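Colleague: Structure in structure tokens, see below.
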Amino acid sequence: MQFTAAFSALAVFVSAVLAAPAPTHRAVYRGATGEATGRLIVTLKEGATQDTVLGATGIFSTAEGVDSWSIINAFVLESLDDATKETLLAHPDVVEVEEDGIVTTQAVQTDAPWGLGRLTSVDTLENQDAAALTYEYDYEDVAGTGVDVYVVDTGIRVTHEQFGGRASWGANFVSTTNQDGNGHGTHCAGTIGSAAYGVAKNVSLIAVKVLSDAGSGTTAGVISGINFVATQANATGNPSVLSMSLGGGASSTLDAAVEAAVAGGVHVVVAAGNNNADAKNYSPARTPGAITVGASTIADVRASFSNYGALVDIFAPGMNVISTWATSDTATNSISGTSMATPHVAGLVAYLISVEGNVTPAEMTAKIQDKSVKDVLTSIPDGTVNDLAHSA
């Protein structure tokens, strides 16, 4: 009797096991890191055939211009709608579906200014000569491709040889003459995206003149510039960065304009200011949605003039920075300020968008901080981040 009961229990257990549904198959899906083509690479089990999978999933053709491979059992499809993609992932012969990403060449610049060298070094630079153009800058060739950077400043000498035709005029809220009679805007543009001195060497640089040739402007003029950038970014749909190496007293209206641009998806990078004071008292530095940048020296010291405080998000090279100048198509100059630190970070934002893909402005701020070199700067006041911009 006991044997019979035990046998019956076992029979019930075996029956239950046999009746249990087989686990649902779902292949691994891998998204691309950075830019993707929109196509999908499908890997099959050994011995499985492409025709069998395509026939069972209702997909009738592979991507045009892609040869079959003999070294791996995989093929390429054009983009699929979500339902068809799920059907493909559920096929038992499919092992993995991966987005077809973009690969790029790697470049190393060996005649870079110190600011670029510092962006790719985790250690203090051994060579402390800020005038030397002998530093190494490691970057991906895609650097800034497809990204618009609006330089809201004194204008840009768009004909400068370092810009290679990538600089243009967007708007002028100061005069009827599209020229940079100061040099400040051209210098900032050069650090963002010039061939020799720029972080993101393939960006499109767009001049938005809100400061006179004497280097001054009005809050209303700056707001007009921000409004232009937000409107253009929405119209083009391109990933867009707004770089503002300017500032003045606290202005809630200016802050609101910056926040509106950020809410529209524009990455706004602003200077912390050169007052050796808390950035909370200056606009647009105090705007929470912007990336506010303080300045550091080649010796990894907070620049003596740089503002600080809880609203500073990051530090970047800002002392004795060599870049393009506006007096001729070959001119350069070495100047200092949080104005010079800001374009390092604006260029870095553009660079990261092109390499890793666009994200929200808040996510970009977090990414810039996550990648930064921690606790290497000296003379950082309490309550201020000790984060130095880094590109890797």
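Simple scheme: letters A, B, ... for chains in structure tokens order, numbers from 1 for residues in each chain, numbers from 1 for ligands in the order shown.
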Give me the residues within 12 Å of Leu205 in chain A as a PyMOL selection string, counting only C-alpha atoms and dropping any in the same chain fewer than 6 places off.
Modeller: chain A and resi 144-152+155-160+162-170+185-186+188-194+198+240-243+343+346-347+350
Colleague: Write out as an NGL selection string all residues of range 48-211 of chain A that backbone DSSP assigns to strand (DSSP E or B).
Modeller: :A and (74-77 or 94-101 or 106-112 or 135-140 or 148-153 or 167-172 or 204-209 or 211)
Colleague: CA of Ala272 in chain A and CA of Val229 in chain A, how far apart in Å?
Modeller: 20.6 Å
Colleague: Which of these, A:Leu119, A:Leu54, A:Ala195, A:Leu44, has the shortest distance to Val95 in chain A once you count only C-alpha atoms?
Modeller: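 When distances to Val95 in chain A are compared using only C-alpha atoms, the smallest one comes from A:Leu44.
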Colleague: Using only C-alpha atoms, determine which residues lie at most 9 Å from Arg118 in chain A, disregarding the query and same-chain residues fewer than 5 positions distant; provide the list as a compact mmCIF listing (two decimals) with N, CA, C and O atoms, in the first residue's frame.
Modeller:
```
# COMPACT_ATOMS: atom_id res chain seq x y z
N PRO A 113 47.60 71.46 -27.76
CA PRO A 113 47.82 72.33 -26.60
C PRO A 113 47.55 71.57 -25.31
O PRO A 113 46.92 70.51 -25.31
N ASP A 123 46.49 61.71 -15.14
CA ASP A 123 47.50 62.24 -14.23
C ASP A 123 47.86 63.68 -14.58
O ASP A 123 47.68 64.12 -15.73
N THR A 124 48.40 64.40 -13.63
CA THR A 124 48.92 65.74 -13.89
C THR A 124 49.97 65.67 -14.99
O THR A 124 50.79 64.76 -15.03
N LEU A 125 49.94 66.62 -15.92
CA LEU A 125 50.87 66.60 -17.04
C LEU A 125 52.31 66.79 -16.55
O LEU A 125 52.59 67.68 -15.74
N TYR A 135 51.66 68.24 -26.69
CA TYR A 135 50.91 67.30 -25.86
C TYR A 135 50.15 66.30 -26.73
O TYR A 135 49.86 66.56 -27.90
N GLU A 136 49.85 65.17 -26.14
CA GLU A 136 49.17 64.09 -26.87
C GLU A 136 47.68 64.12 -26.55
O GLU A 136 47.29 64.17 -25.39
N TYR A 137 46.87 64.07 -27.59
CA TYR A 137 45.42 64.06 -27.45
C TYR A 137 44.87 62.86 -28.19
O TYR A 137 44.98 62.76 -29.42
N ILE A 298 47.44 74.36 -15.57
CA ILE A 298 48.21 73.20 -16.02
C ILE A 298 48.75 72.40 -14.85
O ILE A 298 49.02 71.20 -14.96
N ALA A 316 37.68 72.60 -15.95
CA ALA A 316 38.39 72.27 -17.19
C ALA A 316 39.52 73.27 -17.39
O ALA A 316 39.53 74.34 -16.76
N PRO A 317 40.49 72.95 -18.25
CA PRO A 317 41.62 73.86 -18.48
C PRO A 317 41.17 75.25 -18.90
O PRO A 317 40.39 75.41 -19.85
N ALA A 389 37.43 67.70 -15.98
CA ALA A 389 36.89 67.10 -17.20
C ALA A 389 37.86 66.10 -17.82
O ALA A 389 39.08 66.34 -17.89
N HIS A 390 37.30 64.99 -18.30
CA HIS A 390 38.09 63.92 -18.91
C HIS A 390 37.25 63.29 -20.00
O HIS A 390 36.03 63.16 -19.86
```
Colleague: Per DSSP on the backbone, filter range 65-297 of chain A down to the residues in alpha helix (DSSP H) and report them as JSON, numbers by chain.
Modeller: {"A": [82, 83, 84, 85, 86, 87, 88, 89, 90, 114, 115, 116, 117, 118, 119, 184, 185, 186, 187, 188, 189, 190, 191, 192, 193, 219, 220, 221, 222, 223, 224, 225, 226, 227, 228, 229, 230, 231, 232, 233, 234, 235, 236, 252, 253, 254, 255, 256, 257, 258, 259, 260, 261, 262, 263]}
Colleague: With C-alpha atoms kept, could you save the residues just selected as a short mmCIF file (atom, residue, chain, number, x, y, z; two decimals), in the first residue's frame?
Modeller:
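Dumped to out.cif:
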```
data_model
loop_
_atom_site.label_atom_id
_atom_site.label_comp_id
_atom_site.auth_asym_id
_atom_site.auth_seq_id
_atom_site.Cartn_x
_atom_site.Cartn_y
_atom_site.Cartn_z
CA ASP A 82 8.84 45.89 -32.90
CA ALA A 83 6.42 43.02 -33.52
CA THR A 84 8.57 41.45 -36.25
CA LYS A 85 11.67 41.91 -34.12
CA GLU A 86 10.02 40.01 -31.26
CA THR A 87 9.02 37.20 -33.63
CA LEU A 88 12.63 36.96 -34.78
CA LEU A 89 13.96 36.90 -31.21
CA ALA A 90 11.54 34.10 -30.32
CA TRP A 114 47.93 71.40 -22.94
CA GLY A 115 44.17 71.62 -22.44
CA LEU A 116 43.53 68.81 -24.91
CA GLY A 117 46.34 66.78 -23.41
CA ARG A 118 44.78 67.14 -19.97
CA LEU A 119 41.38 65.95 -21.22
CA HIS A 184 36.97 85.98 -27.89
CA GLY A 185 34.33 84.06 -29.82
CA THR A 186 36.82 82.79 -32.38
CA HIS A 187 39.09 81.59 -29.57
CA CYS A 188 36.23 79.71 -27.93
CA ALA A 189 35.16 78.19 -31.25
CA GLY A 190 38.72 77.04 -31.83
CA THR A 191 38.82 75.16 -28.54
CA ILE A 192 35.47 73.56 -29.29
CA GLY A 193 36.17 72.38 -32.79
CA THR A 219 20.84 90.49 -21.03
CA ALA A 220 18.11 90.96 -23.64
CA GLY A 221 20.61 90.35 -26.41
CA VAL A 222 21.83 87.13 -24.79
CA ILE A 223 18.24 85.95 -24.35
CA SER A 224 17.66 86.66 -28.05
CA GLY A 225 20.68 84.50 -28.84
CA ILE A 226 19.42 81.65 -26.68
CA ASN A 227 15.97 81.93 -28.28
CA PHE A 228 17.57 81.69 -31.73
CA VAL A 229 19.53 78.58 -30.76
CA ALA A 230 16.51 76.83 -29.25
CA THR A 231 14.42 77.59 -32.33
CA GLN A 232 17.09 76.44 -34.75
CA ALA A 233 17.85 73.26 -32.81
CA ASN A 234 14.17 72.36 -32.89
CA ALA A 235 13.94 73.14 -36.61
CA THR A 236 16.99 71.11 -37.63
CA SER A 252 16.00 85.25 -13.31
CA THR A 253 14.88 85.98 -16.88
CA LEU A 254 18.19 84.89 -18.35
CA ASP A 255 18.15 81.80 -16.16
CA ALA A 256 14.63 80.99 -17.36
CA ALA A 257 15.73 81.28 -21.00
CA VAL A 258 18.58 78.84 -20.38
CA GLU A 259 16.25 76.39 -18.63
CA ALA A 260 13.79 76.61 -21.52
CA ALA A 261 16.54 75.74 -24.01
CA VAL A 262 17.62 72.82 -21.81
CA ALA A 263 14.01 71.62 -21.57
#
```
Colleague: Fewer than 5 positions away in the same chain doesn't count, so skip those; otherwise give me all residues within 9 Å of range 310-315 of chain A, counting only C-alpha atoms, as number ranges by chain.
Modeller: A: 272, 278-280, 285-288, 290-296, 302, 338, 341-342, 345, 365, 368-369, 372, 377, 383-389
